[in-house]
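J.: query38.cif is reproduced below (mmCIF, N, CA and C atoms).
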data_work
loop_
_atom_site.label_atom_id
_atom_site.label_comp_id
_atom_site.auth_asym_id
_atom_site.auth_seq_id
_atom_site.Cartn_x
_atom_site.Cartn_y
_atom_site.Cartn_z
N MET A 309 0.85 -1.18 0.00
CA MET A 309 0.00 0.00 0.00
C MET A 309 0.90 1.24 0.00
N THR A 310 0.55 2.18 -0.84
CA THR A 310 1.33 3.41 -0.91
C THR A 310 0.85 4.39 0.16
N THR A 311 1.63 5.41 0.39
CA THR A 311 1.24 6.45 1.35
C THR A 311 -0.05 7.12 0.91
N ALA A 312 -0.18 7.40 -0.39
CA ALA A 312 -1.40 8.04 -0.91
C ALA A 312 -2.62 7.15 -0.69
N GLU A 313 -2.46 5.85 -0.89
CA GLU A 313 -3.58 4.92 -0.67
C GLU A 313 -3.97 4.88 0.81
N ALA A 314 -2.98 4.89 1.68
CA ALA A 314 -3.25 4.87 3.13
C ALA A 314 -4.01 6.13 3.54
N ILE A 315 -3.60 7.27 3.00
CA ILE A 315 -4.32 8.52 3.30
C ILE A 315 -5.76 8.44 2.82
N GLU A 316 -5.97 7.88 1.64
CA GLU A 316 -7.32 7.74 1.09
C GLU A 316 -8.19 6.84 1.97
N VAL A 317 -7.64 5.72 2.42
CA VAL A 317 -8.40 4.79 3.27
C VAL A 317 -8.78 5.46 4.58
N LEU A 318 -7.83 6.14 5.20
CA LEU A 318 -8.11 6.80 6.49
C LEU A 318 -9.10 7.95 6.31
N THR A 319 -9.02 8.65 5.20
CA THR A 319 -9.97 9.74 4.93
C THR A 319 -11.38 9.19 4.78
N ARG A 320 -11.51 8.08 4.04
CA ARG A 320 -12.84 7.45 3.89
C ARG A 320 -13.37 7.00 5.25
N ARG A 321 -12.50 6.44 6.07
CA ARG A 321 -12.92 5.97 7.39
C ARG A 321 -13.40 7.14 8.25
N THR A 322 -12.72 8.25 8.14
CA THR A 322 -13.13 9.45 8.88
C THR A 322 -14.50 9.91 8.41
N GLU A 323 -14.71 9.90 7.09
CA GLU A 323 -16.01 10.30 6.54
C GLU A 323 -17.11 9.35 6.99
N ASN A 324 -16.82 8.05 7.07
CA ASN A 324 -17.80 7.08 7.57
C ASN A 324 -18.15 7.38 9.02
N ASN A 325 -17.15 7.72 9.82
CA ASN A 325 -17.41 8.03 11.22
C ASN A 325 -18.29 9.27 11.37
N ILE A 326 -18.13 10.23 10.47
CA ILE A 326 -18.98 11.42 10.53
C ILE A 326 -20.44 11.01 10.33
N GLY A 327 -20.67 10.05 9.43
CA GLY A 327 -22.03 9.53 9.24
C GLY A 327 -22.56 8.88 10.51
N TYR A 328 -21.70 8.12 11.20
CA TYR A 328 -22.12 7.50 12.47
C TYR A 328 -22.40 8.56 13.52
N LEU A 329 -21.62 9.60 13.52
CA LEU A 329 -21.84 10.66 14.50
C LEU A 329 -23.21 11.30 14.31
N GLU A 330 -23.60 11.49 13.05
CA GLU A 330 -24.90 12.10 12.77
C GLU A 330 -26.05 11.18 13.16
N VAL A 331 -25.87 9.86 12.95
CA VAL A 331 -26.91 8.89 13.28
C VAL A 331 -26.93 8.57 14.77
N GLY A 332 -25.73 8.48 15.36
CA GLY A 332 -25.63 8.01 16.74
C GLY A 332 -25.59 9.09 17.79
N ASP A 333 -26.11 10.27 17.48
CA ASP A 333 -26.07 11.36 18.46
C ASP A 333 -26.78 11.02 19.76
N ASP A 334 -27.71 10.05 19.73
CA ASP A 334 -28.45 9.70 20.94
C ASP A 334 -27.63 8.82 21.86
N ASP A 335 -26.62 8.13 21.35
CA ASP A 335 -25.81 7.22 22.15
C ASP A 335 -24.46 7.86 22.43
N PRO A 336 -24.24 8.34 23.67
CA PRO A 336 -22.99 9.05 23.98
C PRO A 336 -21.74 8.16 23.83
N ASP A 337 -21.88 6.84 24.03
CA ASP A 337 -20.72 5.96 23.88
C ASP A 337 -20.27 5.89 22.42
N ILE A 338 -21.23 5.77 21.49
CA ILE A 338 -20.89 5.73 20.06
C ILE A 338 -20.27 7.05 19.65
N CYS A 339 -20.86 8.15 20.10
CA CYS A 339 -20.35 9.48 19.76
C CYS A 339 -18.91 9.64 20.25
N ALA A 340 -18.65 9.28 21.49
CA ALA A 340 -17.31 9.44 22.06
C ALA A 340 -16.30 8.59 21.30
N LEU A 341 -16.67 7.34 20.98
CA LEU A 341 -15.77 6.45 20.26
C LEU A 341 -15.47 6.98 18.86
N CYS A 342 -16.51 7.42 18.15
CA CYS A 342 -16.31 7.96 16.80
C CYS A 342 -15.45 9.22 16.83
N LYS A 343 -15.69 10.08 17.79
CA LYS A 343 -14.89 11.30 17.90
C LYS A 343 -13.43 10.97 18.19
N GLU A 344 -13.23 10.00 19.08
CA GLU A 344 -11.87 9.58 19.42
C GLU A 344 -11.16 8.96 18.20
N GLU A 345 -11.88 8.10 17.48
CA GLU A 345 -11.31 7.49 16.27
C GLU A 345 -10.99 8.56 15.23
N ASN A 346 -11.90 9.50 15.03
CA ASN A 346 -11.66 10.55 14.04
C ASN A 346 -10.43 11.36 14.39
N GLU A 347 -10.24 11.64 15.66
CA GLU A 347 -9.04 12.39 16.07
C GLU A 347 -7.79 11.58 15.75
N ALA A 348 -7.82 10.27 16.02
CA ALA A 348 -6.68 9.41 15.71
C ALA A 348 -6.45 9.34 14.20
N TYR A 349 -7.53 9.24 13.43
CA TYR A 349 -7.39 9.21 11.96
C TYR A 349 -6.79 10.51 11.43
N LYS A 350 -7.26 11.63 11.95
CA LYS A 350 -6.75 12.93 11.50
C LYS A 350 -5.25 13.06 11.81
N LEU A 351 -4.84 12.63 12.99
CA LEU A 351 -3.42 12.66 13.34
C LEU A 351 -2.61 11.74 12.42
N SER A 352 -3.17 10.58 12.11
CA SER A 352 -2.49 9.63 11.21
C SER A 352 -2.38 10.20 9.80
N ILE A 353 -3.45 10.79 9.32
CA ILE A 353 -3.44 11.39 7.98
C ILE A 353 -2.41 12.50 7.92
N ASP A 354 -2.35 13.34 8.95
CA ASP A 354 -1.37 14.43 9.00
C ASP A 354 0.06 13.88 8.97
N ALA A 355 0.31 12.83 9.75
CA ALA A 355 1.65 12.22 9.78
C ALA A 355 2.00 11.61 8.42
N LEU A 356 1.04 10.96 7.78
CA LEU A 356 1.29 10.38 6.46
C LEU A 356 1.55 11.45 5.40
N ARG A 357 0.82 12.56 5.49
CA ARG A 357 1.07 13.66 4.54
C ARG A 357 2.47 14.24 4.73
N LYS A 358 2.89 14.39 5.98
CA LYS A 358 4.24 14.89 6.24
C LYS A 358 5.28 13.90 5.72
N HIS A 359 5.01 12.62 5.91
CA HIS A 359 5.92 11.57 5.41
C HIS A 359 6.02 11.66 3.88
N ALA A 360 4.88 11.81 3.22
CA ALA A 360 4.87 11.90 1.76
C ALA A 360 5.62 13.15 1.30
N ALA A 361 5.45 14.25 2.01
CA ALA A 361 6.15 15.48 1.65
C ALA A 361 7.66 15.33 1.82
N ARG A 362 8.08 14.56 2.81
CA ARG A 362 9.52 14.35 3.01
C ARG A 362 10.09 13.46 1.91
N GLU A 363 9.31 12.49 1.44
CA GLU A 363 9.79 11.60 0.38
C GLU A 363 9.87 12.32 -0.95
N ASN A 364 8.93 13.19 -1.22
CA ASN A 364 8.87 13.90 -2.51
C ASN A 364 8.68 15.39 -2.28
N PRO A 365 9.68 16.07 -1.72
CA PRO A 365 9.50 17.49 -1.42
C PRO A 365 9.45 18.34 -2.69
N ALA A 366 8.75 19.42 -2.59
CA ALA A 366 8.72 20.40 -3.69
C ALA A 366 9.87 21.37 -3.49
N PRO A 367 10.51 21.80 -4.57
CA PRO A 367 11.58 22.80 -4.43
C PRO A 367 11.02 24.08 -3.79
N LEU A 368 11.85 24.74 -3.02
CA LEU A 368 11.45 26.01 -2.42
C LEU A 368 11.46 27.11 -3.47
N THR A 369 10.49 27.98 -3.42
CA THR A 369 10.43 29.10 -4.36
C THR A 369 11.33 30.22 -3.85
N LEU A 370 11.63 31.18 -4.72
CA LEU A 370 12.42 32.34 -4.30
C LEU A 370 11.73 33.07 -3.16
N GLU A 371 10.42 33.18 -3.24
CA GLU A 371 9.66 33.84 -2.17
C GLU A 371 9.83 33.11 -0.84
N GLN A 372 9.75 31.79 -0.87
CA GLN A 372 9.93 31.01 0.36
C GLN A 372 11.35 31.17 0.90
N LEU A 373 12.33 31.21 0.00
CA LEU A 373 13.72 31.40 0.43
C LEU A 373 13.92 32.78 1.05
N ARG A 374 13.26 33.79 0.50
CA ARG A 374 13.39 35.15 1.04
C ARG A 374 12.80 35.28 2.44
N GLU A 375 11.82 34.43 2.75
CA GLU A 375 11.16 34.47 4.06
C GLU A 375 11.79 33.50 5.07
N ARG A 376 12.71 32.72 4.63
CA ARG A 376 13.25 31.61 5.43
C ARG A 376 14.45 32.03 6.27
N ILE A 377 14.50 31.50 7.49
CA ILE A 377 15.64 31.71 8.38
C ILE A 377 15.98 30.36 9.01
N LYS A 378 16.33 29.39 8.17
CA LYS A 378 16.78 28.08 8.63
C LYS A 378 17.45 27.37 7.46
N PRO A 379 18.13 26.28 7.72
CA PRO A 379 18.89 25.60 6.65
C PRO A 379 18.01 25.09 5.51
N VAL A 380 18.64 24.98 4.35
CA VAL A 380 18.01 24.42 3.16
C VAL A 380 18.93 23.35 2.59
N TRP A 381 18.36 22.43 1.85
CA TRP A 381 19.14 21.39 1.17
C TRP A 381 19.37 21.83 -0.27
N CYS A 382 20.62 21.87 -0.68
CA CYS A 382 20.98 22.24 -2.05
C CYS A 382 21.29 20.95 -2.81
N VAL A 383 20.60 20.76 -3.93
CA VAL A 383 20.81 19.56 -4.74
C VAL A 383 21.93 19.82 -5.74
N CYS A 384 22.93 18.94 -5.71
CA CYS A 384 24.01 19.00 -6.70
C CYS A 384 24.82 17.71 -6.61
N LYS A 385 25.47 17.35 -7.67
CA LYS A 385 26.30 16.15 -7.69
C LYS A 385 27.71 16.56 -7.25
N LEU A 386 28.18 15.93 -6.19
CA LEU A 386 29.49 16.26 -5.63
C LEU A 386 30.51 15.19 -6.01
N PHE A 387 31.76 15.55 -5.97
CA PHE A 387 32.83 14.61 -6.33
C PHE A 387 32.92 13.42 -5.38
N ASP A 388 32.42 13.56 -4.16
CA ASP A 388 32.50 12.46 -3.19
C ASP A 388 31.31 11.52 -3.27
N GLY A 389 30.45 11.70 -4.28
CA GLY A 389 29.31 10.81 -4.46
C GLY A 389 28.03 11.28 -3.80
N ASN A 390 28.11 12.32 -3.00
CA ASN A 390 26.89 12.85 -2.37
C ASN A 390 26.08 13.64 -3.39
N ASN A 391 24.79 13.79 -3.09
CA ASN A 391 23.87 14.46 -4.02
C ASN A 391 23.47 15.84 -3.54
N GLY A 392 24.21 16.42 -2.64
CA GLY A 392 23.89 17.76 -2.17
C GLY A 392 24.40 17.99 -0.77
N TYR A 393 24.03 19.13 -0.22
CA TYR A 393 24.47 19.49 1.13
C TYR A 393 23.53 20.55 1.69
N TYR A 394 23.60 20.71 3.01
CA TYR A 394 22.82 21.76 3.67
C TYR A 394 23.55 23.09 3.56
N CYS A 395 22.77 24.14 3.41
CA CYS A 395 23.28 25.51 3.41
C CYS A 395 22.45 26.30 4.43
N LEU A 396 23.03 27.33 4.97
CA LEU A 396 22.26 28.25 5.79
C LEU A 396 21.46 29.15 4.86
N CYS A 397 20.28 29.53 5.29
CA CYS A 397 19.46 30.45 4.50
C CYS A 397 18.88 31.49 5.45
N GLN A 398 19.20 32.75 5.17
CA GLN A 398 18.66 33.84 5.97
C GLN A 398 18.08 34.88 5.01
N ASN A 399 16.76 34.86 4.92
CA ASN A 399 16.04 35.80 4.06
C ASN A 399 16.59 35.82 2.63
N GLY A 400 16.81 34.63 2.07
CA GLY A 400 17.27 34.51 0.70
C GLY A 400 18.77 34.53 0.52
N MET A 401 19.51 34.85 1.57
CA MET A 401 20.98 34.81 1.52
C MET A 401 21.41 33.39 1.84
N ILE A 402 22.03 32.73 0.88
CA ILE A 402 22.45 31.33 1.01
C ILE A 402 23.92 31.29 1.39
N THR A 403 24.25 30.51 2.43
CA THR A 403 25.64 30.31 2.82
C THR A 403 25.94 28.82 2.77
N PRO A 404 26.66 28.38 1.71
CA PRO A 404 27.01 26.97 1.58
C PRO A 404 28.20 26.63 2.49
N PRO A 405 28.60 25.37 2.55
CA PRO A 405 29.74 24.99 3.39
C PRO A 405 31.02 25.77 3.08
N SER A 406 31.16 26.30 1.86
CA SER A 406 32.35 27.08 1.51
C SER A 406 32.36 28.45 2.18
N HIS A 407 31.24 28.86 2.78
CA HIS A 407 31.05 30.15 3.44
C HIS A 407 31.09 31.32 2.45
N MET A 408 30.93 31.05 1.16
CA MET A 408 30.88 32.12 0.15
C MET A 408 29.41 32.40 -0.15
N SER A 409 28.84 33.32 0.60
CA SER A 409 27.40 33.59 0.54
C SER A 409 26.98 34.26 -0.76
N PHE A 410 25.71 34.05 -1.10
CA PHE A 410 25.11 34.66 -2.28
C PHE A 410 23.60 34.68 -2.08
N TYR A 411 22.92 35.53 -2.85
CA TYR A 411 21.47 35.55 -2.81
C TYR A 411 20.93 34.47 -3.75
N ALA A 412 19.86 33.83 -3.34
CA ALA A 412 19.29 32.71 -4.11
C ALA A 412 19.01 33.10 -5.56
N GLU A 413 18.55 34.31 -5.80
CA GLU A 413 18.24 34.70 -7.18
C GLU A 413 19.48 34.83 -8.06
N GLU A 414 20.66 34.88 -7.43
CA GLU A 414 21.91 34.93 -8.21
C GLU A 414 22.26 33.57 -8.82
N ARG A 415 21.62 32.51 -8.35
CA ARG A 415 21.87 31.16 -8.86
C ARG A 415 20.53 30.53 -9.26
N PRO A 416 19.91 31.02 -10.33
CA PRO A 416 18.57 30.53 -10.69
C PRO A 416 18.52 29.04 -11.02
N SER A 417 19.62 28.44 -11.40
CA SER A 417 19.60 27.01 -11.74
C SER A 417 19.78 26.12 -10.51
N TRP A 418 20.11 26.70 -9.37
CA TRP A 418 20.27 25.90 -8.15
C TRP A 418 18.91 25.58 -7.57
N ILE A 419 18.76 24.37 -7.07
CA ILE A 419 17.48 23.94 -6.51
C ILE A 419 17.66 23.71 -5.01
N PHE A 420 16.76 24.29 -4.23
CA PHE A 420 16.82 24.18 -2.77
C PHE A 420 15.54 23.52 -2.26
N TYR A 421 15.70 22.69 -1.23
CA TYR A 421 14.59 21.99 -0.61
C TYR A 421 14.62 22.23 0.90
N ASP A 422 13.51 21.94 1.53
CA ASP A 422 13.42 22.02 2.98
C ASP A 422 14.30 20.96 3.63
N HIS A 423 14.42 19.82 2.99
CA HIS A 423 15.21 18.69 3.48
C HIS A 423 15.60 17.83 2.27
N PRO A 424 16.54 16.91 2.43
CA PRO A 424 16.96 16.11 1.29
C PRO A 424 15.82 15.25 0.73
N PRO A 425 15.67 15.22 -0.59
CA PRO A 425 14.68 14.33 -1.18
C PRO A 425 15.05 12.86 -0.91
N LYS A 426 14.08 11.99 -1.04
CA LYS A 426 14.31 10.56 -0.82
C LYS A 426 15.47 10.08 -1.71
N GLY A 427 16.38 9.36 -1.12
CA GLY A 427 17.52 8.82 -1.87
C GLY A 427 18.74 9.72 -1.88
N ALA A 428 18.59 10.95 -1.42
CA ALA A 428 19.75 11.85 -1.38
C ALA A 428 20.64 11.49 -0.19
N THR A 429 21.92 11.62 -0.35
CA THR A 429 22.85 11.38 0.74
C THR A 429 23.51 12.68 1.11
N SER A 430 23.89 12.80 2.35
CA SER A 430 24.56 14.02 2.78
C SER A 430 25.96 13.73 3.27
#
Any chance you could put this one into structure tokens?
T.:
Amino acid sequence: MTTAEAIEVLTRRTENNIGYLEVGDDDPDICALCKEENEAYKLSIDALRKHAARENPAPLTLEQLRERIKPVWCVCKLFDGNNGYYCLCQNGMITPPSHMSFYAEERPSWIFYDHPPKGATS
């Protein structure tokens, strides 16, 4: 089962519980159980979405980089076999391990992520 399929199954289950909540309003035990299950499903769905985002992150936009004050992952092929490295990012100013800072818009072909994509090594 893929992450997307798991999210779909849990979402359907949550929707089914909403139906039970509407029907079972007279029984406080059913209501409490459905509400508790829905909360667990929502937390699970949120965790699965975060997991999926970590496996297939979207590149950060220039706007996101300009607003960012934390490290970013720079994708590039290095001589040591690694596929990138972390850089500091402060409002669009990128500082790679070489400490030679530049603004993100000065390197339009460089791709930055919140974290390494699946399969990347650091």
J.: Return as an MDAnalysis selection string the set of residues that the PyMOL selection byres (((chain A and resi 412 and name CA) around 8) and name CA) yields on the displayed structure.
T.: chainID A and resid 370 373 400:402 410:411 413:416 418
J.: Go ahead and dump the residues you just picked, N, CA and C atoms, as a PDB file, keeping the file's coordinate frame.
T.:
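Resulting contents of again-v1.pdb:
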ATOM      1  N   LEU A 370      11.630  31.180  -4.720  1.00  0.00           N
ATOM      2  CA  LEU A 370      12.420  32.340  -4.300  1.00  0.00           C
ATOM      3  C   LEU A 370      11.730  33.070  -3.160  1.00  0.00           C
ATOM      4  N   LEU A 373      12.330  31.210   0.000  1.00  0.00           N
ATOM      5  CA  LEU A 373      13.720  31.400   0.430  1.00  0.00           C
ATOM      6  C   LEU A 373      13.920  32.780   1.050  1.00  0.00           C
ATOM      7  N   GLY A 400      16.810  34.630   2.070  1.00  0.00           N
ATOM      8  CA  GLY A 400      17.270  34.510   0.700  1.00  0.00           C
ATOM      9  C   GLY A 400      18.770  34.530   0.520  1.00  0.00           C
ATOM     10  N   MET A 401      19.510  34.850   1.570  1.00  0.00           N
ATOM     11  CA  MET A 401      20.980  34.810   1.520  1.00  0.00           C
ATOM     12  C   MET A 401      21.410  33.390   1.840  1.00  0.00           C
ATOM     13  N   ILE A 402      22.030  32.730   0.880  1.00  0.00           N
ATOM     14  CA  ILE A 402      22.450  31.330   1.010  1.00  0.00           C
ATOM     15  C   ILE A 402      23.920  31.290   1.390  1.00  0.00           C
ATOM     16  N   PHE A 410      25.710  34.050  -1.100  1.00  0.00           N
ATOM     17  CA  PHE A 410      25.110  34.660  -2.280  1.00  0.00           C
ATOM     18  C   PHE A 410      23.600  34.680  -2.080  1.00  0.00           C
ATOM     19  N   TYR A 411      22.920  35.530  -2.850  1.00  0.00           N
ATOM     20  CA  TYR A 411      21.470  35.550  -2.810  1.00  0.00           C
ATOM     21  C   TYR A 411      20.930  34.470  -3.750  1.00  0.00           C
ATOM     22  N   GLU A 413      18.550  34.310  -5.800  1.00  0.00           N
ATOM     23  CA  GLU A 413      18.240  34.700  -7.180  1.00  0.00           C
ATOM     24  C   GLU A 413      19.480  34.830  -8.060  1.00  0.00           C
ATOM     25  N   GLU A 414      20.660  34.880  -7.430  1.00  0.00           N
ATOM     26  CA  GLU A 414      21.910  34.930  -8.210  1.00  0.00           C
ATOM     27  C   GLU A 414      22.260  33.570  -8.820  1.00  0.00           C
ATOM     28  N   ARG A 415      21.620  32.510  -8.350  1.00  0.00           N
ATOM     29  CA  ARG A 415      21.870  31.160  -8.860  1.00  0.00           C
ATOM     30  C   ARG A 415      20.530  30.530  -9.260  1.00  0.00           C
ATOM     31  N   PRO A 416      19.910  31.020 -10.330  1.00  0.00           N
ATOM     32  CA  PRO A 416      18.570  30.530 -10.690  1.00  0.00           C
ATOM     33  C   PRO A 416      18.520  29.040 -11.020  1.00  0.00           C
ATOM     34  N   TRP A 418      20.110  26.700  -9.370  1.00  0.00           N
ATOM     35  CA  TRP A 418      20.270  25.900  -8.150  1.00  0.00           C
ATOM     36  C   TRP A 418      18.910  25.580  -7.570  1.00  0.00           C
TER      37      TRP A 418
END
J.: Skip A:Arg357 itself and residues of its chain fewer than 4 positions away, then list as a PDB file with N, CA and C atoms, keeping the file's coordinate frame all residues within 10 Å of it, counting only C-alpha atoms.
T.:
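Contents of result_2.pdb, as written:
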ATOM      1  N   THR A 311       1.630   5.410   0.390  1.00  0.00           N
ATOM      2  CA  THR A 311       1.240   6.450   1.350  1.00  0.00           C
ATOM      3  C   THR A 311      -0.050   7.120   0.910  1.00  0.00           C
ATOM      4  N   ALA A 312      -0.180   7.400  -0.390  1.00  0.00           N
ATOM      5  CA  ALA A 312      -1.400   8.040  -0.910  1.00  0.00           C
ATOM      6  C   ALA A 312      -2.620   7.150  -0.690  1.00  0.00           C
ATOM      7  N   ALA A 314      -2.980   4.890   1.680  1.00  0.00           N
ATOM      8  CA  ALA A 314      -3.250   4.870   3.130  1.00  0.00           C
ATOM      9  C   ALA A 314      -4.010   6.130   3.540  1.00  0.00           C
ATOM     10  N   ILE A 315      -3.600   7.270   3.000  1.00  0.00           N
ATOM     11  CA  ILE A 315      -4.320   8.520   3.300  1.00  0.00           C
ATOM     12  C   ILE A 315      -5.760   8.440   2.820  1.00  0.00           C
ATOM     13  N   LEU A 351      -4.840  12.630  12.990  1.00  0.00           N
ATOM     14  CA  LEU A 351      -3.420  12.660  13.340  1.00  0.00           C
ATOM     15  C   LEU A 351      -2.610  11.740  12.420  1.00  0.00           C
ATOM     16  N   SER A 352      -3.170  10.580  12.110  1.00  0.00           N
ATOM     17  CA  SER A 352      -2.490   9.630  11.210  1.00  0.00           C
ATOM     18  C   SER A 352      -2.380  10.200   9.800  1.00  0.00           C
ATOM     19  N   ILE A 353      -3.450  10.790   9.320  1.00  0.00           N
ATOM     20  CA  ILE A 353      -3.440  11.390   7.980  1.00  0.00           C
ATOM     21  C   ILE A 353      -2.410  12.500   7.920  1.00  0.00           C
ATOM     22  N   ALA A 361       5.450  14.250   2.010  1.00  0.00           N
ATOM     23  CA  ALA A 361       6.150  15.480   1.650  1.00  0.00           C
ATOM     24  C   ALA A 361       7.660  15.330   1.820  1.00  0.00           C
ATOM     25  N   ARG A 362       8.080  14.560   2.810  1.00  0.00           N
ATOM     26  CA  ARG A 362       9.520  14.350   3.010  1.00  0.00           C
ATOM     27  C   ARG A 362      10.090  13.460   1.910  1.00  0.00           C
ATOM     28  N   GLU A 363       9.310  12.490   1.440  1.00  0.00           N
ATOM     29  CA  GLU A 363       9.790  11.600   0.380  1.00  0.00           C
ATOM     30  C   GLU A 363       9.870  12.320  -0.950  1.00  0.00           C
TER      31      GLU A 363
END
J.: One number please: atom C of A:His407 to atom C of A:Pro365, in Å, one decimal.
T.: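 Computed distance, atom C of A:His407 to atom C of A:Pro365, equals 25.8 Å.
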J.: If you measure from atom N of A:Cys395 to atom N of A:His359, what distance in Å do you get, rounded to one decimal?
T.: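 If I compute the distance from atom N of A:Cys395 to atom N of A:His359, I get 21.3 Å.
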J.: Selected by the PyMOL selection byres (((chain A and resi 396 and name CA) around 12) and name CA) in the shown coordinates: which residues, as number ranges by chain?
T.: A: 373, 376-382, 393-395, 397-412, 420-422
J.: May I have the residues from that selection written out with N, CA and C atoms, as a CSV table (one decimal), keeping the file's coordinate frame?
T.:
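Ended up saving to part.csv:
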chain,number,residue,atom,x,y,z
A,373,LEU,N,12.3,31.2,0.0
A,373,LEU,CA,13.7,31.4,0.4
A,373,LEU,C,13.9,32.8,1.0
A,376,ARG,N,12.7,32.7,4.6
A,376,ARG,CA,13.2,31.6,5.4
A,376,ARG,C,14.4,32.0,6.3
A,377,ILE,N,14.5,31.5,7.5
A,377,ILE,CA,15.6,31.7,8.4
A,377,ILE,C,16.0,30.4,9.0
A,378,LYS,N,16.3,29.4,8.2
A,378,LYS,CA,16.8,28.1,8.6
A,378,LYS,C,17.4,27.4,7.5
A,379,PRO,N,18.1,26.3,7.7
A,379,PRO,CA,18.9,25.6,6.6
A,379,PRO,C,18.0,25.1,5.5
A,380,VAL,N,18.6,25.0,4.4
A,380,VAL,CA,18.0,24.4,3.2
A,380,VAL,C,18.9,23.4,2.6
A,381,TRP,N,18.4,22.4,1.8
A,381,TRP,CA,19.1,21.4,1.2
A,381,TRP,C,19.4,21.8,-0.3
A,382,CYS,N,20.6,21.9,-0.7
A,382,CYS,CA,21.0,22.2,-2.0
A,382,CYS,C,21.3,21.0,-2.8
A,393,TYR,N,24.0,19.1,-0.2
A,393,TYR,CA,24.5,19.5,1.1
A,393,TYR,C,23.5,20.6,1.7
A,394,TYR,N,23.6,20.7,3.0
A,394,TYR,CA,22.8,21.8,3.7
A,394,TYR,C,23.6,23.1,3.6
A,395,CYS,N,22.8,24.1,3.4
A,395,CYS,CA,23.3,25.5,3.4
A,395,CYS,C,22.4,26.3,4.4
A,397,CYS,N,20.3,29.5,5.3
A,397,CYS,CA,19.5,30.4,4.5
A,397,CYS,C,18.9,31.5,5.4
A,398,GLN,N,19.2,32.8,5.2
A,398,GLN,CA,18.7,33.8,6.0
A,398,GLN,C,18.1,34.9,5.0
A,399,ASN,N,16.8,34.9,4.9
A,399,ASN,CA,16.0,35.8,4.1
A,399,ASN,C,16.6,35.8,2.6
A,400,GLY,N,16.8,34.6,2.1
A,400,GLY,CA,17.3,34.5,0.7
A,400,GLY,C,18.8,34.5,0.5
A,401,MET,N,19.5,34.8,1.6
A,401,MET,CA,21.0,34.8,1.5
A,401,MET,C,21.4,33.4,1.8
A,402,ILE,N,22.0,32.7,0.9
A,402,ILE,CA,22.4,31.3,1.0
A,402,ILE,C,23.9,31.3,1.4
A,403,THR,N,24.2,30.5,2.4
A,403,THR,CA,25.6,30.3,2.8
A,403,THR,C,25.9,28.8,2.8
A,404,PRO,N,26.7,28.4,1.7
A,404,PRO,CA,27.0,27.0,1.6
A,404,PRO,C,28.2,26.6,2.5
A,405,PRO,N,28.6,25.4,2.6
A,405,PRO,CA,29.7,25.0,3.4
A,405,PRO,C,31.0,25.8,3.1
A,406,SER,N,31.2,26.3,1.9
A,406,SER,CA,32.4,27.1,1.5
A,406,SER,C,32.4,28.4,2.2
A,407,HIS,N,31.2,28.9,2.8
A,407,HIS,CA,31.0,30.2,3.4
A,407,HIS,C,31.1,31.3,2.4
A,408,MET,N,30.9,31.0,1.2
A,408,MET,CA,30.9,32.1,0.2
A,408,MET,C,29.4,32.4,-0.2
A,409,SER,N,28.8,33.3,0.6
A,409,SER,CA,27.4,33.6,0.5
A,409,SER,C,27.0,34.3,-0.8
A,410,PHE,N,25.7,34.0,-1.1
A,410,PHE,CA,25.1,34.7,-2.3
A,410,PHE,C,23.6,34.7,-2.1
A,411,TYR,N,22.9,35.5,-2.8
A,411,TYR,CA,21.5,35.6,-2.8
A,411,TYR,C,20.9,34.5,-3.8
A,412,ALA,N,19.9,33.8,-3.3
A,412,ALA,CA,19.3,32.7,-4.1
A,412,ALA,C,19.0,33.1,-5.6
A,420,PHE,N,16.8,24.3,-4.2
A,420,PHE,CA,16.8,24.2,-2.8
A,420,PHE,C,15.5,23.5,-2.3
A,421,TYR,N,15.7,22.7,-1.2
A,421,TYR,CA,14.6,22.0,-0.6
A,421,TYR,C,14.6,22.2,0.9
A,422,ASP,N,13.5,21.9,1.5
A,422,ASP,CA,13.4,22.0,3.0
A,422,ASP,C,14.3,21.0,3.6
J.: If you measure from atom N of A:Glu345 to atom CA of A:Val317, what distance in Å do you get, rounded to one decimal?
T.: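 So the two atoms, atom N of A:Glu345 and atom CA of A:Val317, lie 15.0 Å apart.
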J.: Can you tell me, as a list in words, what residues are no more than 6.5 Å from A:Leu318 when counting only N, CA and C atoms, ignoring any on the same chain fewer than 5 positions away?
T.: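 What passes the distance filter is Glu313, Glu323 and Tyr349 of chain A.
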J.: Tell me, which residues of stretch 367-422 of chain A carry DSSP alpha helix (DSSP H), written as a PyMOL selection string?
T.: chain A and resi 370-375
